[in-house]
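Worksheet: the structure to be examined is printed underneath.
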Amino acid sequence: MGKYDKYFVKYGINTPKVDDMRPLVARMDDSVAKGSNFYLVHWVAPGFGDILGDYEYAGHPPHIHKSAELLMHIGGDPDNPMDLNAEIEMYMGPELERHTFTESTIIYIPPNFIHSPWRPLRVDKPFLFIEINQGPEHTEKFYPQLLPKEAREKIDWSMWPDKGF
Amino acid sequence: MPYKVTDSCLKCGYCIERCPEGAIIADEKENMDELVLQPVHIDSEMCTDCGVCVSEEYWCPAQAIVAIR
């Protein structure tokens with residue numbers, strides 16, 4: 001055992017596992033390593049979008065964080081690093097402006113900026129998703145009032161509690 | 001320069017506790033289907049024009065607070 005073993009983070013081996021449906025590779029925050037910001041790393045595999053539903057505005061509902069966030073979508077083919085081999089749908093702002101992309105992409109989310117729903121429309125090959133939150137804990141406040149009633153009623157809101165607000 | 005809450009307000013109530021002067025006041029709650037919404041207004045006498053509510057692009061997530069010119 002070395003003095004600095006604690007800085008080598010192996011999810012579920014020397015850090016706590018959390019209840020999460022995603023295949024996590026890392027989940028970091030101030031409670032795992034004092035002083036660390038919040039980071040989440042997971043694979044997105046074919047079929048992942050099916051979990052989130054297939055209707056207009058399905059997916060992680062609109063929300064904000066207190067700190068800025070980077071959402072990194074990194075394709076898994078080193079011969080074509082900009083090909084995500086997937087198509088992602090993301091809504092931005094209180095207007096729910098719809099965006100889709102098929103390239104490796106980083107989305108910058110300013111503090112308190114309303115974003116999502118996010119969901120994969122298709123995933124042909126697994127890609128890495130890295131969430132970098134520029135604060136020591138993961139905060140989240142949801143805006144269900146932005147969604148049409150039909151979409152709100154299809155969402156299991158117990159999965160999406162406000163955190164840190 | 002006084003400020004006001006516009007119709008863009010999403011009635012989330014996030015601003016109430018963030019105003020350092022306590023000048024953003026909760027109005028009577030509203031129901032939207034099963035949702036409970038929190039309208040607000042700015043008390044012009046309590047507001048000290050510090051400008052914090054417009055100091056960041058998304059201080060109000062809906063950008064619903066504006067200066068009255």
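All residue names refer to the structure tokens as shown: chains lettered A, B, ... in order, residues numbered from 1 in each chain, ligands numbered from 1 in order.
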Spatial neighbours of B:Glu28, max dist 7 Å, only C-alpha atoms, sep filter under 2 positions, as a list in words: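 Close residues of B:Glu28: Ala26, Glu30 and Pro39 of chain B.
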Write the residues of the selection above to a file with all heavy atoms, as an mmCIF file, in the first residue's frame.
```cif
data_model
loop_
_atom_site.group_PDB
_atom_site.id
_atom_site.type_symbol
_atom_site.label_atom_id
_atom_site.label_comp_id
_atom_site.auth_asym_id
_atom_site.auth_seq_id
_atom_site.Cartn_x
_atom_site.Cartn_y
_atom_site.Cartn_z
ATOM 1 N N ALA B 26 -41.965 36.315 -2.912
ATOM 2 C CA ALA B 26 -42.834 35.236 -3.387
ATOM 3 C C ALA B 26 -44.280 35.710 -3.423
ATOM 4 O O ALA B 26 -44.787 36.260 -2.445
ATOM 5 C CB ALA B 26 -42.694 34.027 -2.472
ATOM 6 N N GLU B 30 -49.086 29.130 -7.703
ATOM 7 C CA GLU B 30 -50.051 28.795 -8.753
ATOM 8 C C GLU B 30 -49.960 27.309 -9.052
ATOM 9 O O GLU B 30 -48.886 26.704 -8.914
ATOM 10 C CB GLU B 30 -49.728 29.578 -10.038
ATOM 11 C CG GLU B 30 -49.855 31.090 -9.894
ATOM 12 C CD GLU B 30 -49.453 31.806 -11.176
ATOM 13 O OE1 GLU B 30 -49.108 31.132 -12.178
ATOM 14 O OE2 GLU B 30 -49.466 33.054 -11.160
ATOM 15 N N PRO B 39 -44.665 32.187 -8.492
ATOM 16 C CA PRO B 39 -44.428 33.511 -9.099
ATOM 17 C C PRO B 39 -43.729 34.434 -8.097
ATOM 18 O O PRO B 39 -43.837 34.240 -6.874
ATOM 19 C CB PRO B 39 -45.835 34.023 -9.425
ATOM 20 C CG PRO B 39 -46.775 32.920 -9.119
ATOM 21 C CD PRO B 39 -46.078 31.927 -8.253
#
```
Within 9 Å of chain B: residues of chain A, using only C-alpha atoms, as a VMD selection string: chain A and resid 64 93 to 94 110 to 114 143 to 146 149 165
A:Trp157 surroundings by only C-alpha atoms, 12 Å radius, close-in-sequence under 5 positions cut, as a VMD selection string: (chain A and resid 59 to 62 142 to 144 151 to 152 162) or (chain B and resid 35)
How about saving the chosen residues, N, CA, C and O atoms kept, as a PDB file, in the first residue's frame?
```pdb
ATOM      1  N   GLY A  59     -36.146  11.403 -22.181  1.00  0.00           N
ATOM      2  CA  GLY A  59     -34.756  11.543 -21.737  1.00  0.00           C
ATOM      3  C   GLY A  59     -34.652  12.347 -20.455  1.00  0.00           C
ATOM      4  O   GLY A  59     -35.659  12.723 -19.848  1.00  0.00           O
ATOM      5  N   HIS A  60     -33.413  12.596 -20.058  1.00  0.00           N
ATOM      6  CA  HIS A  60     -33.112  13.365 -18.844  1.00  0.00           C
ATOM      7  C   HIS A  60     -33.846  14.717 -18.940  1.00  0.00           C
ATOM      8  O   HIS A  60     -33.547  15.512 -19.805  1.00  0.00           O
ATOM      9  N   PRO A  61     -34.804  14.999 -18.050  1.00  0.00           N
ATOM     10  CA  PRO A  61     -35.649  16.192 -18.209  1.00  0.00           C
ATOM     11  C   PRO A  61     -34.861  17.510 -18.086  1.00  0.00           C
ATOM     12  O   PRO A  61     -33.738  17.529 -17.561  1.00  0.00           O
ATOM     13  N   PRO A  62     -35.470  18.631 -18.525  1.00  0.00           N
ATOM     14  CA  PRO A  62     -34.774  19.926 -18.466  1.00  0.00           C
ATOM     15  C   PRO A  62     -34.363  20.282 -17.041  1.00  0.00           C
ATOM     16  O   PRO A  62     -35.159  20.131 -16.112  1.00  0.00           O
ATOM     17  N   PHE A 142     -34.795  20.739 -11.529  1.00  0.00           N
ATOM     18  CA  PHE A 142     -35.549  20.393 -12.737  1.00  0.00           C
ATOM     19  C   PHE A 142     -36.636  21.419 -13.056  1.00  0.00           C
ATOM     20  O   PHE A 142     -37.149  22.098 -12.158  1.00  0.00           O
ATOM     21  N   TYR A 143     -36.973  21.475 -14.345  1.00  0.00           N
ATOM     22  CA  TYR A 143     -37.985  22.421 -14.849  1.00  0.00           C
ATOM     23  C   TYR A 143     -39.073  21.663 -15.609  1.00  0.00           C
ATOM     24  O   TYR A 143     -39.212  21.807 -16.840  1.00  0.00           O
ATOM     25  N   PRO A 144     -39.901  20.890 -14.896  1.00  0.00           N
ATOM     26  CA  PRO A 144     -40.957  20.138 -15.581  1.00  0.00           C
ATOM     27  C   PRO A 144     -41.965  21.047 -16.279  1.00  0.00           C
ATOM     28  O   PRO A 144     -42.624  20.625 -17.237  1.00  0.00           O
ATOM     29  N   ALA A 151     -45.695  14.786 -22.197  1.00  0.00           N
ATOM     30  CA  ALA A 151     -44.340  14.317 -21.895  1.00  0.00           C
ATOM     31  C   ALA A 151     -44.132  14.211 -20.386  1.00  0.00           C
ATOM     32  O   ALA A 151     -43.545  13.236 -19.892  1.00  0.00           O
ATOM     33  N   ARG A 152     -44.638  15.190 -19.651  1.00  0.00           N
ATOM     34  CA  ARG A 152     -44.470  15.172 -18.181  1.00  0.00           C
ATOM     35  C   ARG A 152     -45.071  13.919 -17.572  1.00  0.00           C
ATOM     36  O   ARG A 152     -44.528  13.336 -16.640  1.00  0.00           O
ATOM     37  N   ASP A 162     -34.672  17.045  -7.313  1.00  0.00           N
ATOM     38  CA  ASP A 162     -33.753  18.181  -7.193  1.00  0.00           C
ATOM     39  C   ASP A 162     -32.677  17.831  -6.167  1.00  0.00           C
ATOM     40  O   ASP A 162     -32.964  17.180  -5.165  1.00  0.00           O
TER      41      ASP A 162
ATOM     42  N   LEU B  35     -48.397  20.547 -11.149  1.00  0.00           N
ATOM     43  CA  LEU B  35     -47.223  21.298 -10.712  1.00  0.00           C
ATOM     44  C   LEU B  35     -47.628  22.508  -9.867  1.00  0.00           C
ATOM     45  O   LEU B  35     -48.634  23.157 -10.145  1.00  0.00           O
TER      46      LEU B  35
END
```
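Taking the backbone of this structure through DSSP, the residues of stretch 3-69 of chain B that come out as strand (DSSP E or B) are B:Tyr3, B:Lys4, B:Val5, B:Ile24, B:Ile25, B:Ala26, B:Glu30, B:Asn31, B:Met32, B:Leu35, B:Val36, B:Leu37, B:Val40, B:His41, B:Ile42, B:Ile65, B:Val66, B:Ala67.
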